[in-house]
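Visitor: My questions all concern the structure below.
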Amino acid sequence: MIQYIYLAVLLPLLGFLINGIFGSRIKNEKVIGIIGSGAIGLSFIVMLGAFFQTLGLPVDQRQNIVKLFTWISAGGLNVGVAYQVDQLSLIMGLIVTGVGFIIHVYSMGYMHGDKSYWRYFAYLNLFIFAMMNLILGDNFVLLFLGWEGVGLCSYLLIGFWYDRKFEKGTTSEAAKKAFVVNRIGDFGFLLGMFLIYLTFGSLNFNDVFSRAVAMPIETSVFTFIALFLFIGATGKSAQIPLFVWLPDAMAGPTPVSALIHAATMVTAGVYMVARCSIIFASAPAIMTLVAVVGLLTAFFAATVGLVQNDIKKVLAYSTISQLGYMFLALGVGAFSAGIFHVMTHAFFKALLFLGAGSVIHSMHDEQDMRKYGGLKKYMPHTYITFVVAALAISGIPPLSGFFSKDEILWKAFSSGGFGYWLVGAFTALMTAFYMFRLVTLTFEGKPRFDEHNVHPHESPKVMTIPLMILAVLSIIGGFIGIPEIFSGEHGNVFENWLAPLFAPAQTKLMTYGNHSAFLEILLMAVSVIGAVCAILFARYVYLKNIRIAGKTVKASKGLYTLLLNKYYIDELYEAVFVKPIGRFSEAFLWKINDNKIIDGAVNGTASLVSVISNNIRKIQTGVAQFYALIMVAGIVAALFWLIISL
Amino acid sequence: MIEQYIPVFIVIIVAVIFAVATVVMSKLMGPQRPNSEKESTYESGLKPIGTTNERVSIKYYLVAMLFIVFDLEVIFVYPWAVQFKKLYSQIGISIFFSMLVFLVVLELGFLYVYKKGGFKWD
Amino acid sequence: MNEFYYIIPFIILAAGILISLVIEMYFTSSEKILPWFSILTFLASGFSALFLVNNVKVVFENMLMSGGNVNFFIFIFNLGAALVTLLSIDYIKKYHTYYGEYYILLMSSVLGMSLMAGAKDLIVIFMGLEIMSVCFYALAGINRNKLKANEASLKYFLLGSFATGFLVYGMALVYGSMQNTSLEYLFLNFTKFNTNILFLAGLLFILFGLSFKIAAFPFHMWVPDVYQGSATTVSALMSTGGKAAAFSAIIVSFASVLTVVNTNVFAPYFGAIAVFSMLFGSIVAIAQTDIKRMMAYSSIAHAGYMTIGLASGNSYGVSGIIFYLAAYTFMNIGAFGIISIVEGKNDTNLTIKSYAGLANKKPILAGLLAIIMFSLAGLPPFAGFFGKYYIFIAAVKAKLTWLAIVGVISSAISVYFYIRIIVLMYFKESEEDFVIENSNTGLLSVIIAVLFVILLGIAPNSVINLISYFAK
């Protein structure tokens, strides 16, 4: 299957083309849905085939490149459309197509009756196409193509319901915000690409990385490349300071939030950093920056998540927080742990979003948790799967989140940062708290909605079955990454699978301190017990004694409003960047530069050219003799030149 | 290189000046009192009849063109015929067929003209 | 005898012409048979050329070259002509001007072009040029009831003969100075003669004669009148095949100039022709109100871009020109194809304003035309962009950056009148109310052309590699 890997990329494109071109004429929703989901399903099968074939190969032959054609060849720049099939891209590809397929199926139920059903599936397929290019491309240009492509699809899908209101504005404003903020990150990524090309003279992963391995670690250019690439990653993966777009991205349909803004697209930054592990490993300062930014993001996003009332907002901040974990892992050099968390997070966060979607679906688009309550008797399947996901994200063993999160915390600790561990573990505690605050408020207690007007109901099978599949994955997904201390001599299977890819980076990094297994188990126990306590506390507060919450809010009013308003980051950006830039743009760029200078120059040039054009055309008299005369004049001039030039 | 052309340039310049000068001078110096008699065409004292450029029927051109084609054919065939024995001994029978191909192509064109009515006078 | 094997594309074409003559003579329904037969001939000839592309050989006593670039050119000519034939079927019906000669002349002109591309001798160039030109003179006036067509035909003939006179004079001078007409000989002994003023003047005259055919400044004056007056489909072939053939003749007769480094004594001429053609074409096109005239000036500008490749005088330039020609062939056939579909009876709907609101009337046609216009304007990811890109790269490599800059400025100017069409189609309401007749064959032809435009835009490398493999 490896040599047919391009099918995994082309099938979604085909689905996009079919639904995009003929979708408006296909009246049957089922046909559109099956085309859309089928394309991704087949793509998943191709990925699976390639995965098992690679699994059967010896370790040193597991990195294959499938070259389709040379795309651009100009001077030294040689860019091919070639797909890299290796351990990392296979894992990511399986996540994208697998989770993507499940979400496509779910969407068939969720989007039922929407007037732009075909448009939705076309965009979703286009997204998968772009994402597969991002993951599988064997060079930075293809990666960038996918990078921009997913950004575009994200923009299109956030603003999918362009005629709806979202918070204070419209969904298209949210989409615009996402696009603009991402653009800042993309700019950094582009600069990084230019620097890479300048330094290594190539944009192919293999060339760049093999040349990077040979270069000494002190080379300061690495610092700049890594910094620019990381700026790109903060944009796409919603890290401080560019995370502000992700909460607003919840304006899109919920399955989109699940697929793009939780499971796949936002992890593109993690993927990119992991892919460029050798470059980052050569820039120790940036590694520390990555770790610190990740940790801070994880912490602050979790604190904001504690007080949000919109069910999707909580999940959005939770996503930012979990992405922070992944960057923490990357920053301390635990690349495979980061990718492992990408995988488990894709399962349980997609499940959480889809569950939330199921709830929103049945509550007639109500998203405020304070107006839910007691939903578990109405929608038992959603409830059970949701709790599984919540337990997984809280890090309760033996669910998948436990293994990946503790792997990260342990690596953070053993790389010498007790501070990393402490903040990380405390964040995990908060995660458990706000997740169960969400669960309790939504599903348990007494209904707080008007039971006469709102009749919650369980979602159809096409929506619940994907939930169950994801629940199973959330439970067992962690077992492929059981840490060494439990699995004995097999070691960490997941880590060993990815190890050959990260080996060059690991050799450049300092080795981990040697700590005893006892310490590892102790730390695990601490975080698990902490999580359990947090869960119980959340249930106690929101089920039995809601007054505690009220009292706490009153007692720390300042802090509460600060958190509720998300640290006023949006307002800060608005005041510091958006408004001044807007004012500058309007006063100078628009009124003076655009209107006077540029428009003046453009219009002036245009009218000048028109005047010239209207005058020159008069040469065209239509008299053949005159035409011949012009020819002769030209010939005489040329001959004259020939004579004097000799 | 360029020096040797200087006389030529001088001749050209003198010629141009002479030609322009005569026309301009006669225009300037000569008295001009035109009347209808002076303006009319001189035709040995007779009144001119019709235009000077007579039209010839297009059919003559057609025949002339076809004649040229066959004329050229003969020019081509004649040396071939003269040299045929020598060429035959050198190249072989293909020298015969190459001329045959040429003639077939030509005759096909001829046939086409005939079929299309190129020889019909009316 | 096996030399005939190498010229199978020529033989197929010539045989096709003769058979068409017979068909035209004896079949009353030749109107239905001939177009399909000629398409078949074109395809057979074109694909046989592609099939033989690796058999590079000089045949017939250094007269003809076969294989490589030559066959690539022949393929392009034939494919272009096949597309034009597809277009012509409905176009001729629209004007009720069926003459059997139309398709035969079309095929003969392609034979002439192929000869020009394959020429290895000055005489063969001349012969090919005349076969092509005479066919074009007749084709331009094929609609003999139309006054403008007659005018176009006569003007083209007069000026064409005038230019050919220079060409022959140049050949005579070259022959006089080197006692040989073989281009191979010219190539090998170029350095021996390149101080001989008669020799250089001779080459220069050859260049003038061929510049007329590529429609470069100052030999361009016929272009607007002829393109406007002739049948639209004929203009399509004249502007693509004719131009490509003349370029191939220039490339082969100036091969020594273009491949031997540091001897490009002709760079100033090429450069001047390029600059004037580009700027003149782009600027004057803006003032046009007739779309065919606009395309004519655009054709002058494109001749200028391609001449940059000649001025740079390196293998990049040559392969760039060949790529550009391939791209331009499909773009222009597509553009003229759409014009011929939109065109009504008796020369109506030919103004630029006729295209207002086309997107509502004929969304498919408008979409295709938009792609072609983007490509002509040189915007990625279409063929036109890479054509210009490779040419400009060649200029920069030859240290003629200023020429590339003039080219870019000229492209920027030309964007105005190409995009104006798109703006009219999509953002303006239709002012005139007319019905566009459907033409399935015409649409098919345009779609094929556009597919090539996209293909050359998305995967230009596969093509440019193929070309540069032979261009060396």
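Letters for chains follow the order of the structure tokens (A, B, ...), residue numbers begin at 1 for each chain, and ligand numbers begin at 1 in the order shown.
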Would you list which chain C residues are within 8 Å of chain B using only C-alpha atoms, as a compact mmCIF listing (two decimals) with C-alpha atoms, in the first residue's frame?
Guide:
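Heads up, here's the output in part30.txt:
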# COMPACT_ATOMS: atom_id res chain seq x y z
CA LEU C 18 -3.82 14.03 -51.11
CA LEU C 21 -8.27 16.14 -52.31
CA VAL C 22 -9.79 12.94 -53.60
CA MET C 25 -13.43 15.72 -55.57
Visitor: With 8 Å as the limit and counting only C-alpha atoms, what residues in chain C lie close to chain A? Please list them as a list in words.
Guide: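 The complete set of qualifying residues is Lys155, Leu158, Leu159, Phe162, Thr195, Ile197, Ala201, Phe208, Pro218, Phe219, Met221, Trp222, Asp225, Tyr269, Ile283, Val284, Ala285, Ile286, Ala287, Ile458, Ala459, Pro460, Asn461 and Ser462 of chain C.
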Visitor: Find the spatial neighbours of Thr289 of chain C, counting only C-alpha atoms, within a cut-off of 8 Å - ignore same-chain residues fewer than 2 positions away - and output them as JSON, numbers by chain.
Guide: {"C": [287, 291, 293, 294, 351, 352, 353]}
Visitor: For atom CA of Leu354 of chain A and atom CA of Met379 of chain A, determine how far apart the two atoms are, in Å to one decimal place.
Guide: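 These two atoms are separated by 13.4 Å.
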Visitor: Per DSSP on the backbone, what are the alpha helix (DSSP H) residues of segment 27-258 of chain C, as a PyMOL selection string?
Guide: chain C and resi 30-51+69-95+101-118+122-140+147-178+183-188+190-193+197-214+222-229+232-237+243-253+255-258
Visitor: Neighbouring residues of Leu310 of chain C were defined as those with any atom within 10 Å, considering only C-alpha atoms; residues of the same chain fewer than 2 positions away were excluded. Please report them as a PyMOL selection string.
Guide: chain C and resi 247+250-251+254-255+257-258+264+266-267+269-271+274+304-308+312-318+320-321+391+394-395
Visitor: Write to file, as a PDB file, in the first residue's frame, the residues of the selection just made, with C-alpha atoms.
Guide:
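What ended up in part_23.pdb:
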ATOM      1  CA  PHE C 247      10.119  30.760 -33.904  1.00  0.00           C
ATOM      2  CA  ILE C 250      14.621  31.313 -35.896  1.00  0.00           C
ATOM      3  CA  ILE C 251      15.846  28.925 -33.235  1.00  0.00           C
ATOM      4  CA  PHE C 254      20.294  31.123 -35.097  1.00  0.00           C
ATOM      5  CA  ALA C 255      21.299  27.986 -33.222  1.00  0.00           C
ATOM      6  CA  VAL C 257      24.004  32.406 -31.754  1.00  0.00           C
ATOM      7  CA  LEU C 258      21.824  30.795 -29.137  1.00  0.00           C
ATOM      8  CA  ASN C 264      25.371  36.745 -29.153  1.00  0.00           C
ATOM      9  CA  PHE C 266      22.269  39.663 -32.180  1.00  0.00           C
ATOM     10  CA  ALA C 267      21.286  40.276 -28.587  1.00  0.00           C
ATOM     11  CA  TYR C 269      18.336  43.262 -32.071  1.00  0.00           C
ATOM     12  CA  PHE C 270      16.414  40.633 -30.199  1.00  0.00           C
ATOM     13  CA  GLY C 271      16.362  42.858 -27.154  1.00  0.00           C
ATOM     14  CA  ALA C 274      11.376  42.264 -27.543  1.00  0.00           C
ATOM     15  CA  GLY C 304       7.953  40.122 -27.437  1.00  0.00           C
ATOM     16  CA  TYR C 305       8.127  37.926 -24.347  1.00  0.00           C
ATOM     17  CA  MET C 306       9.313  35.004 -26.380  1.00  0.00           C
ATOM     18  CA  THR C 307      11.940  37.129 -28.087  1.00  0.00           C
ATOM     19  CA  ILE C 308      13.451  37.755 -24.654  1.00  0.00           C
ATOM     20  CA  SER C 312      19.240  35.794 -23.597  1.00  0.00           C
ATOM     21  CA  GLY C 313      20.878  33.386 -26.002  1.00  0.00           C
ATOM     22  CA  ASN C 314      21.233  30.365 -23.759  1.00  0.00           C
ATOM     23  CA  SER C 315      19.659  26.965 -23.569  1.00  0.00           C
ATOM     24  CA  TYR C 316      17.303  28.195 -20.836  1.00  0.00           C
ATOM     25  CA  GLY C 317      15.987  30.736 -23.292  1.00  0.00           C
ATOM     26  CA  VAL C 318      15.450  28.131 -25.987  1.00  0.00           C
ATOM     27  CA  GLY C 320      11.715  28.579 -22.278  1.00  0.00           C
ATOM     28  CA  ILE C 321      10.535  29.658 -25.722  1.00  0.00           C
ATOM     29  CA  ILE C 391      11.767  33.177 -20.098  1.00  0.00           C
ATOM     30  CA  ALA C 394      16.714  32.817 -18.867  1.00  0.00           C
ATOM     31  CA  ALA C 395      17.091  36.579 -19.208  1.00  0.00           C
TER      32      ALA C 395
END
Visitor: When you draw a straight line from atom CA of Asp368 of chain A to atom CA of Ile469 of chain A, how long is it in Å?
Guide: 26.9 Å
Visitor: With a distance cut-off of 10 Å and only C-alpha atoms, select the neighbouring residues of His457 of chain A, excluding the residue or stretch itself and same-chain residues fewer than 4 positions from it, and output the selection as a CSV table (one decimal) with N, CA and C atoms, in the first residue's frame.
Guide:
chain,number,residue,atom,x,y,z
A,358,SER,N,-23.9,16.5,20.6
A,358,SER,CA,-25.1,15.7,20.8
A,358,SER,C,-26.0,16.4,21.8
A,359,VAL,N,-25.4,16.9,22.8
A,359,VAL,CA,-26.2,17.7,23.8
A,359,VAL,C,-26.8,18.9,23.2
A,361,HIS,N,-27.3,19.6,20.2
A,361,HIS,CA,-28.3,19.2,19.2
A,361,HIS,C,-29.7,18.9,19.8
A,362,SER,N,-29.7,18.2,20.9
A,362,SER,CA,-31.0,17.9,21.5
A,362,SER,C,-31.5,19.0,22.3
A,363,MET,N,-30.7,20.0,22.7
A,363,MET,CA,-31.2,21.1,23.5
A,363,MET,C,-31.5,22.3,22.6
A,375,LEU,N,-29.5,15.7,32.4
A,375,LEU,CA,-29.7,15.1,31.0
A,375,LEU,C,-29.4,13.7,30.9
A,377,LYS,N,-30.7,11.1,32.1
A,377,LYS,CA,-31.8,10.1,31.9
A,377,LYS,C,-32.4,10.3,30.5
A,378,TYR,N,-32.2,11.4,29.9
A,378,TYR,CA,-32.7,11.6,28.5
A,378,TYR,C,-31.8,11.0,27.5
A,379,MET,N,-30.5,11.2,27.7
A,379,MET,CA,-29.5,10.7,26.7
A,379,MET,C,-28.4,9.8,27.4
A,380,PRO,N,-28.8,8.6,27.7
A,380,PRO,CA,-27.8,7.7,28.4
A,380,PRO,C,-26.5,7.4,27.7
Visitor: Counting only C-alpha atoms, which of A:Leu136, A:Leu438, A:Val99, A:Met430 gets nearest to Ala268 of chain A?
Guide: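 Among A:Leu136, A:Leu438, A:Val99, A:Met430, it is A:Leu136 that comes nearest to Ala268 of chain A.
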Visitor: Could you pull the residues within 7 Å of Gly481 of chain A, counting only C-alpha atoms, minus those fewer than 5 positions along the same chain, as a list in words?
Guide: Phe403, Asn492, Val493 and Phe494 of chain A
Visitor: Atoms to include: C-alpha atoms. Write the selected residues as a JSON list (two decimals), in the first residue's frame.
Guide:
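Saved result, part.json, follows:
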[["chain", "number", "residue", "atom", "x", "y", "z"],
["A", 403, "PHE", "CA", -0.71, 7.18, 30.11],
["A", 492, "ASN", "CA", 7.20, 1.71, 25.70],
["A", 493, "VAL", "CA", 5.88, 0.34, 22.40],
["A", 494, "PHE", "CA", 4.80, 3.73, 21.09]]
Visitor: I need the residues in segment 66-238 of chain A that are strand (DSSP E or B) according to DSSP; give them as a PyMOL selection string.
Guide: chain A and resi 66-74+77-85+137+139+165-166+169-170+204
Visitor: Go ahead and save the picked residues with N, CA and C atoms, as a PDB file, in the first residue's frame.
Guide:
ATOM      1  N   VAL A  66       7.419   8.409  -1.410  1.00  0.00           N
ATOM      2  CA  VAL A  66       6.731   8.104  -2.660  1.00  0.00           C
ATOM      3  C   VAL A  66       6.693   9.375  -3.467  1.00  0.00           C
ATOM      4  N   LYS A  67       7.447   9.376  -4.569  1.00  0.00           N
ATOM      5  CA  LYS A  67       7.551  10.599  -5.357  1.00  0.00           C
ATOM      6  C   LYS A  67       6.538  10.561  -6.492  1.00  0.00           C
ATOM      7  N   LEU A  68       5.750  11.624  -6.614  1.00  0.00           N
ATOM      8  CA  LEU A  68       4.765  11.669  -7.700  1.00  0.00           C
ATOM      9  C   LEU A  68       5.330  12.408  -8.897  1.00  0.00           C
ATOM     10  N   PHE A  69       5.627  13.695  -8.737  1.00  0.00           N
ATOM     11  CA  PHE A  69       6.253  14.424  -9.832  1.00  0.00           C
ATOM     12  C   PHE A  69       6.964  15.636  -9.273  1.00  0.00           C
ATOM     13  N   THR A  70       7.854  16.175 -10.085  1.00  0.00           N
ATOM     14  CA  THR A  70       8.537  17.400  -9.683  1.00  0.00           C
ATOM     15  C   THR A  70       7.605  18.558  -9.948  1.00  0.00           C
ATOM     16  N   TRP A  71       7.455  19.379  -8.932  1.00  0.00           N
ATOM     17  CA  TRP A  71       6.463  20.443  -9.049  1.00  0.00           C
ATOM     18  C   TRP A  71       7.130  21.716  -9.561  1.00  0.00           C
ATOM     19  N   ILE A  72       8.086  22.184  -8.808  1.00  0.00           N
ATOM     20  CA  ILE A  72       8.795  23.389  -9.212  1.00  0.00           C
ATOM     21  C   ILE A  72      10.268  23.040  -9.257  1.00  0.00           C
ATOM     22  N   SER A  73      10.920  23.450 -10.334  1.00  0.00           N
ATOM     23  CA  SER A  73      12.355  23.298 -10.369  1.00  0.00           C
ATOM     24  C   SER A  73      12.914  24.582 -10.932  1.00  0.00           C
ATOM     25  N   ALA A  74      13.500  25.370 -10.073  1.00  0.00           N
ATOM     26  CA  ALA A  74      14.005  26.655 -10.521  1.00  0.00           C
ATOM     27  C   ALA A  74      15.298  26.916  -9.802  1.00  0.00           C
ATOM     28  N   LEU A  77      16.261  25.522  -6.263  1.00  0.00           N
ATOM     29  CA  LEU A  77      15.043  25.095  -5.583  1.00  0.00           C
ATOM     30  C   LEU A  77      14.416  23.956  -6.357  1.00  0.00           C
ATOM     31  N   ASN A  78      14.213  22.862  -5.668  1.00  0.00           N
ATOM     32  CA  ASN A  78      13.641  21.709  -6.323  1.00  0.00           C
ATOM     33  C   ASN A  78      12.554  21.142  -5.429  1.00  0.00           C
ATOM     34  N   VAL A  79      11.337  21.355  -5.802  1.00  0.00           N
ATOM     35  CA  VAL A  79      10.250  20.918  -4.951  1.00  0.00           C
ATOM     36  C   VAL A  79       9.444  19.877  -5.688  1.00  0.00           C
ATOM     37  N   GLY A  80       9.307  18.737  -5.079  1.00  0.00           N
ATOM     38  CA  GLY A  80       8.524  17.691  -5.688  1.00  0.00           C
ATOM     39  C   GLY A  80       7.241  17.470  -4.922  1.00  0.00           C
ATOM     40  N   VAL A  81       6.253  16.933  -5.623  1.00  0.00           N
ATOM     41  CA  VAL A  81       5.097  16.443  -4.892  1.00  0.00           C
ATOM     42  C   VAL A  81       5.438  15.012  -4.521  1.00  0.00           C
ATOM     43  N   ALA A  82       5.922  14.855  -3.295  1.00  0.00           N
ATOM     44  CA  ALA A  82       6.360  13.544  -2.848  1.00  0.00           C
ATOM     45  C   ALA A  82       5.836  13.342  -1.432  1.00  0.00           C
ATOM     46  N   TYR A  83       5.433  12.141  -1.155  1.00  0.00           N
ATOM     47  CA  TYR A  83       4.856  11.872   0.152  1.00  0.00           C
ATOM     48  C   TYR A  83       5.783  10.986   0.964  1.00  0.00           C
ATOM     49  N   GLN A  84       5.943  11.378   2.202  1.00  0.00           N
ATOM     50  CA  GLN A  84       6.847  10.681   3.095  1.00  0.00           C
ATOM     51  C   GLN A  84       6.043   9.731   3.961  1.00  0.00           C
ATOM     52  N   VAL A  85       6.337   8.464   3.848  1.00  0.00           N
ATOM     53  CA  VAL A  85       5.633   7.481   4.653  1.00  0.00           C
ATOM     54  C   VAL A  85       6.602   6.977   5.705  1.00  0.00           C
ATOM     55  N   GLY A 137       3.554  15.375   3.280  1.00  0.00           N
ATOM     56  CA  GLY A 137       4.506  16.032   2.396  1.00  0.00           C
ATOM     57  C   GLY A 137       5.939  15.795   2.843  1.00  0.00           C
ATOM     58  N   ASN A 139       8.439  17.775   2.060  1.00  0.00           N
ATOM     59  CA  ASN A 139       9.226  19.001   2.034  1.00  0.00           C
ATOM     60  C   ASN A 139       8.421  20.132   2.660  1.00  0.00           C
ATOM     61  N   LYS A 165     -25.664  34.633  14.367  1.00  0.00           N
ATOM     62  CA  LYS A 165     -24.977  35.487  15.330  1.00  0.00           C
ATOM     63  C   LYS A 165     -24.045  34.634  16.177  1.00  0.00           C
ATOM     64  N   PHE A 166     -22.949  35.220  16.610  1.00  0.00           N
ATOM     65  CA  PHE A 166     -22.079  34.520  17.544  1.00  0.00           C
ATOM     66  C   PHE A 166     -21.595  35.518  18.577  1.00  0.00           C
ATOM     67  N   GLY A 169     -20.778  39.359  17.974  1.00  0.00           N
ATOM     68  CA  GLY A 169     -20.679  39.662  16.543  1.00  0.00           C
ATOM     69  C   GLY A 169     -21.346  38.599  15.700  1.00  0.00           C
ATOM     70  N   THR A 170     -20.725  38.313  14.556  1.00  0.00           N
ATOM     71  CA  THR A 170     -21.253  37.273  13.688  1.00  0.00           C
ATOM     72  C   THR A 170     -20.203  36.182  13.552  1.00  0.00           C
ATOM     73  N   ASN A 204      13.744  20.166   1.223  1.00  0.00           N
ATOM     74  CA  ASN A 204      13.349  18.778   1.437  1.00  0.00           C
ATOM     75  C   ASN A 204      13.705  18.350   2.847  1.00  0.00           C
TER      76      ASN A 204
END
Visitor: Extract, using only C-alpha atoms, all DNA, RNA and protein residues at most 12 Å from Phe73 of chain C, discarding same-chain residues fewer than 2 positions from it, and format them as a count of residues only.
Guide: 51
Visitor: In Å, rounded to a single decimal, give me how far atom CA of Ala82 of chain C is from atom CA of Ala327 of chain C.
Guide: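 Here the two named atoms are 15.9 Å from each other.
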